[in-house]
Every structure is written in structure tokens, then in C-alpha cells.
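K.L.:
Structure incoming, see below.
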Amino acid sequence: MAWLGPPLIAACTLVLAAAVGLWEPDLTGPGGMPGTDELVSVLGLMVVALILTPLYAGEEFGWTSYLRPRIFDGRTVPSVIATGFIWAVWHFPLAFIGYVEFPNVVFGLVMWTLSFQLQEIMLMWLYQRSGSVWVASLAHAGNNMVLFLILGEMLNETEGLGAAAPMVLSLVPMAAICLWIVGSRRLTHERRIPEPLVTRQGGETG
């Protein structure tokens, strides 16, 4: 799911964009399906995401694995919301140095924050179900190297939305996934992180 999820979300987003008239598919394959060039490009990006997973692991070690269990006593809902918000704010400066350009900065940052919140729910679910931060890191790499690269290439020129178009449209399938995760109670409660020093019998510590 961590590896296949980002291209599947990208596909759902493109279908949505086409359905509402914001994107006109130009597919060269038989029967209107993606052609060889498109499929090779997507598979290539998926391989790149797999290779670059260690480069994105730092954020997952920091946010999902270390920070989140240590705020709000590790309670799932508030800790995920807080982590998603902190993660979003961490990226805000990128909107002012040319990394991403929003036609309306306030609108763009609000949509970006919502995107980070939804991504954190999915990353948290992958982390809990797998028991490994590396699975969340693979999904994180896929979001950056597959999902948003594909959507950026296809939808960045969408009239009226500009650079925010891929983000806004991708919120719909991501929200549907998160509703399934939350509604089916697939996020589990975790034990509180123990203190580093354990009090021994008689008051002695070690």
C-alpha cells in the first residue's frame, strides 16, 4: 500500500479532474488507456521513490515515529492533528522562496495544511499496521516523487487554480481514504512512551 498508494491516488485525482472538466486526457494507448511512455514514466517514478526512501526517512523518524507519540500522551487523534499541523508549518517557508508558487498564498497554505493533515493520517496508519517507520518513509517518498510530480505535470496549468490545482483535487481521494481509516477505527491507541529512567524498588534509579 505504501508503494502502490501514491500512483493510485494520482489516478483517482486525474479521473476526478477529467470528470469536472479541469483536465482533458491525452492518452496514446489502445482503447484510450495510458500508453507505453506514460506507464514507463510512472514505473520509473515508483522505482525512484523506492531508491530515495532513505532521503525522506528523516521526516518520518522525526514526525511520525518520535514527535507524535510524545505529545498529548500519544493519544491518537490529538497527536496526529498536532503532528500534521507542525509538519505543515515546517514547510510554509517553501512557499516564499520559489519552491512552490501559489496564486493566492493564504489559500495555498490552507490547502497545503489540509493535505499534510490527511497525509499524516495515512502515514500513521501505515506505521501502525506495519510496525516500521520505513514503510511510512516509502509512502512519504511516493507522495513527493510519484503523486505530486504526476499531478504537477498534468494539472499545474489548470485555469484558476494554478499550482494549487494538484493539491486541491488530491484532497478528495485522500479524504475518502482517511474517512475509511478513521470510520473503521483502524487507527489504534498506543501505550504511553515510558520515561527514560525507571524507578526501581527502594527509590534507586538506573
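Ordered as shown in the C-alpha cells, chains take letters A, B, and onward, while each chain numbers its residues from 1 and ligands are numbered from 1 in the order shown.
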Quick one: pick out all alpha helix (DSSP H) residues within stretch 30-171 of chain A from a backbone DSSP run and write them as a VMD selection string.

P.N.:
chain A and resid 36 to 51 53 to 60 76 to 91 105 to 130 133 to 142 148 to 155 165 to 171

K.L.:
Can you pull out the residues contacting A:Thr64? Cut-off 10 Å, using only C-alpha atoms, and skip same-chain residues under 6 positions away; I want them as a list in words.

P.N.:
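The residues satisfying every condition are Ser79, Val80, Thr83, Gly84, Trp87, Glu120, Ile121, Leu123, Met124, Tyr127, Gln128, Val133, Ala136 and Ser137 of chain A.
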
K.L.:
Have a look at A:Val135, A:Ile9, A:Ile181, A:Ala82 and name the one nearest to A:Tyr56; count only C-alpha atoms.

P.N.:
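Using only C-alpha atoms, the shortest distance to A:Tyr56 belongs to A:Val135.
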
K.L.:
List the neighbours of stretch 146-155 of chain A out to 7 Å using only C-alpha atoms; skip same-chain residues closer than 4 positions along the sequence, and give me the result as a PyMOL selection string.

P.N.:
chain A and resi 6-7+9-10+23+45-46+142+165-166

K.L.:
What would the file look like if the residues just selected were written as a PDB file, in the first residue's frame with all heavy atoms?

P.N.:
```
ATOM      1  N   PRO A   6       0.428   5.974  -3.689  1.00  0.00           N
ATOM      2  CA  PRO A   6       0.580   7.273  -4.369  1.00  0.00           C
ATOM      3  C   PRO A   6       0.168   7.276  -5.841  1.00  0.00           C
ATOM      4  O   PRO A   6      -0.583   8.165  -6.260  1.00  0.00           O
ATOM      5  CB  PRO A   6       2.075   7.583  -4.180  1.00  0.00           C
ATOM      6  CG  PRO A   6       2.419   6.930  -2.877  1.00  0.00           C
ATOM      7  CD  PRO A   6       1.631   5.650  -2.886  1.00  0.00           C
ATOM      8  N   PRO A   7       0.589   6.294  -6.675  1.00  0.00           N
ATOM      9  CA  PRO A   7       0.107   6.326  -8.067  1.00  0.00           C
ATOM     10  C   PRO A   7      -1.388   6.082  -8.175  1.00  0.00           C
ATOM     11  O   PRO A   7      -2.042   6.634  -9.084  1.00  0.00           O
ATOM     12  CB  PRO A   7       0.914   5.216  -8.758  1.00  0.00           C
ATOM     13  CG  PRO A   7       1.407   4.338  -7.673  1.00  0.00           C
ATOM     14  CD  PRO A   7       1.615   5.229  -6.490  1.00  0.00           C
ATOM     15  N   ILE A   9      -3.675   7.073  -5.954  1.00  0.00           N
ATOM     16  CA  ILE A   9      -4.303   8.339  -5.589  1.00  0.00           C
ATOM     17  C   ILE A   9      -4.175   9.329  -6.746  1.00  0.00           C
ATOM     18  O   ILE A   9      -5.103  10.091  -7.045  1.00  0.00           O
ATOM     19  CB  ILE A   9      -3.677   8.908  -4.307  1.00  0.00           C
ATOM     20  CG1 ILE A   9      -3.992   8.001  -3.111  1.00  0.00           C
ATOM     21  CG2 ILE A   9      -4.179  10.329  -4.031  1.00  0.00           C
ATOM     22  CD1 ILE A   9      -3.293   8.408  -1.827  1.00  0.00           C
ATOM     23  N   ALA A  10      -3.012   9.327  -7.405  1.00  0.00           N
ATOM     24  CA  ALA A  10      -2.823  10.204  -8.567  1.00  0.00           C
ATOM     25  C   ALA A  10      -3.837   9.868  -9.661  1.00  0.00           C
ATOM     26  O   ALA A  10      -4.432  10.770 -10.270  1.00  0.00           O
ATOM     27  CB  ALA A  10      -1.400  10.069  -9.098  1.00  0.00           C
ATOM     28  N   TRP A  23      -9.425  18.846 -16.684  1.00  0.00           N
ATOM     29  CA  TRP A  23      -8.299  18.188 -17.353  1.00  0.00           C
ATOM     30  C   TRP A  23      -8.825  17.361 -18.509  1.00  0.00           C
ATOM     31  O   TRP A  23      -9.835  16.669 -18.379  1.00  0.00           O
ATOM     32  CB  TRP A  23      -7.542  17.297 -16.368  1.00  0.00           C
ATOM     33  CG  TRP A  23      -6.402  16.531 -16.975  1.00  0.00           C
ATOM     34  CD1 TRP A  23      -5.281  17.043 -17.552  1.00  0.00           C
ATOM     35  CD2 TRP A  23      -6.264  15.099 -17.046  1.00  0.00           C
ATOM     36  NE1 TRP A  23      -4.457  16.029 -17.984  1.00  0.00           N
ATOM     37  CE2 TRP A  23      -5.027  14.818 -17.683  1.00  0.00           C
ATOM     38  CE3 TRP A  23      -7.064  14.036 -16.620  1.00  0.00           C
ATOM     39  CZ2 TRP A  23      -4.583  13.535 -17.911  1.00  0.00           C
ATOM     40  CZ3 TRP A  23      -6.618  12.738 -16.849  1.00  0.00           C
ATOM     41  CH2 TRP A  23      -5.384  12.501 -17.493  1.00  0.00           C
ATOM     42  N   LEU A  45       9.138   6.516 -11.857  1.00  0.00           N
ATOM     43  CA  LEU A  45       8.996   7.341 -10.661  1.00  0.00           C
ATOM     44  C   LEU A  45       8.826   6.474  -9.413  1.00  0.00           C
ATOM     45  O   LEU A  45       9.343   6.804  -8.338  1.00  0.00           O
ATOM     46  CB  LEU A  45       7.805   8.284 -10.810  1.00  0.00           C
ATOM     47  CG  LEU A  45       7.962   9.427 -11.816  1.00  0.00           C
ATOM     48  CD1 LEU A  45       6.654  10.203 -11.952  1.00  0.00           C
ATOM     49  CD2 LEU A  45       9.095  10.368 -11.407  1.00  0.00           C
ATOM     50  N   MET A  46       8.115   5.372  -9.545  1.00  0.00           N
ATOM     51  CA  MET A  46       7.933   4.468  -8.405  1.00  0.00           C
ATOM     52  C   MET A  46       9.259   3.860  -7.975  1.00  0.00           C
ATOM     53  O   MET A  46       9.526   3.697  -6.767  1.00  0.00           O
ATOM     54  CB  MET A  46       6.924   3.381  -8.755  1.00  0.00           C
ATOM     55  CG  MET A  46       5.510   3.902  -8.946  1.00  0.00           C
ATOM     56  SD  MET A  46       4.360   2.622  -9.526  1.00  0.00           S
ATOM     57  CE  MET A  46       4.329   1.522  -8.098  1.00  0.00           C
ATOM     58  N   GLY A 142       6.870   8.319  -1.973  1.00  0.00           N
ATOM     59  CA  GLY A 142       5.925   8.165  -3.074  1.00  0.00           C
ATOM     60  C   GLY A 142       5.040   9.379  -3.250  1.00  0.00           C
ATOM     61  O   GLY A 142       4.730   9.781  -4.385  1.00  0.00           O
ATOM     62  N   ALA A 165      -3.833  23.490  -7.925  1.00  0.00           N
ATOM     63  CA  ALA A 165      -4.768  22.525  -8.507  1.00  0.00           C
ATOM     64  C   ALA A 165      -4.474  21.084  -8.101  1.00  0.00           C
ATOM     65  O   ALA A 165      -5.393  20.370  -7.664  1.00  0.00           O
ATOM     66  CB  ALA A 165      -4.779  22.658 -10.031  1.00  0.00           C
ATOM     67  N   PRO A 166      -3.224  20.600  -8.239  1.00  0.00           N
ATOM     68  CA  PRO A 166      -2.973  19.203  -7.855  1.00  0.00           C
ATOM     69  C   PRO A 166      -3.297  18.946  -6.393  1.00  0.00           C
ATOM     70  O   PRO A 166      -3.879  17.907  -6.052  1.00  0.00           O
ATOM     71  CB  PRO A 166      -1.464  19.036  -8.123  1.00  0.00           C
ATOM     72  CG  PRO A 166      -1.124  20.102  -9.096  1.00  0.00           C
ATOM     73  CD  PRO A 166      -2.013  21.254  -8.766  1.00  0.00           C
TER      74      PRO A 166
END
```

K.L.:
Let me make sure I understand: among A:Asp37, A:Ala139, A:Ile86, A:Met167, which one has the smallest atom-to-atom distance to A:Phe102 if we use only C-alpha atoms?

P.N.:
A:Met167

K.L.:
Could you check which of A:Gly44, A:Gly74, A:Gly58, A:Pro25 is closest to A:Thr188, using only C-alpha atoms?

P.N.:
A:Gly74

K.L.:
Restricting the calculation to only C-alpha atoms: of A:Ala88, A:Ala176, A:Leu16, A:Ala2, which residue gets closest to A:Trp63?

P.N.:
A:Ala88

K.L.:
Write out as a ChimeraX atom specification which residues come within 12 Å of A:His91 when counting only C-alpha atoms, dropping same-chain ones fewer than 3 positions away.

P.N.:
/A:59,84-88,94-97,99-100,109,112-113,115-116

K.L.:
Expressed in Å to a single decimal, how great is the separation between atom CA of A:Val168 and atom CA of A:Val15?

P.N.:
13.8 Å

K.L.:
With only C-alpha atoms as the basis for distance, which of A:Thr76, A:Val172, A:Pro69, A:Leu39 is at the shortest distance from A:Met111?

P.N.:
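The answer is A:Val172, which sits nearest to A:Met111.
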
K.L.:
For atom CA of A:Val77 and atom CA of A:Leu118, determine how far apart the two atoms are, in Å to one decimal place.

P.N.:
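We find that atom CA of A:Val77 and atom CA of A:Leu118 lie 12.2 Å from each other.
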
K.L.:
For A:Pro173, which of A:Thr36, A:Thr13, A:Asn144, A:Ser41 is the closest residue, counting only C-alpha atoms?

P.N.:
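Ranking A:Thr36, A:Thr13, A:Asn144, A:Ser41 by distance to A:Pro173, first place goes to A:Thr13.
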
K.L.:
Would you work out the distance separating atom CA of A:Leu169 from atom CA of A:Ala17, expressed in Å to one decimal?

P.N.:
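Atom CA of A:Ala17 lies at a distance of 7.0 Å from atom CA of A:Leu169.
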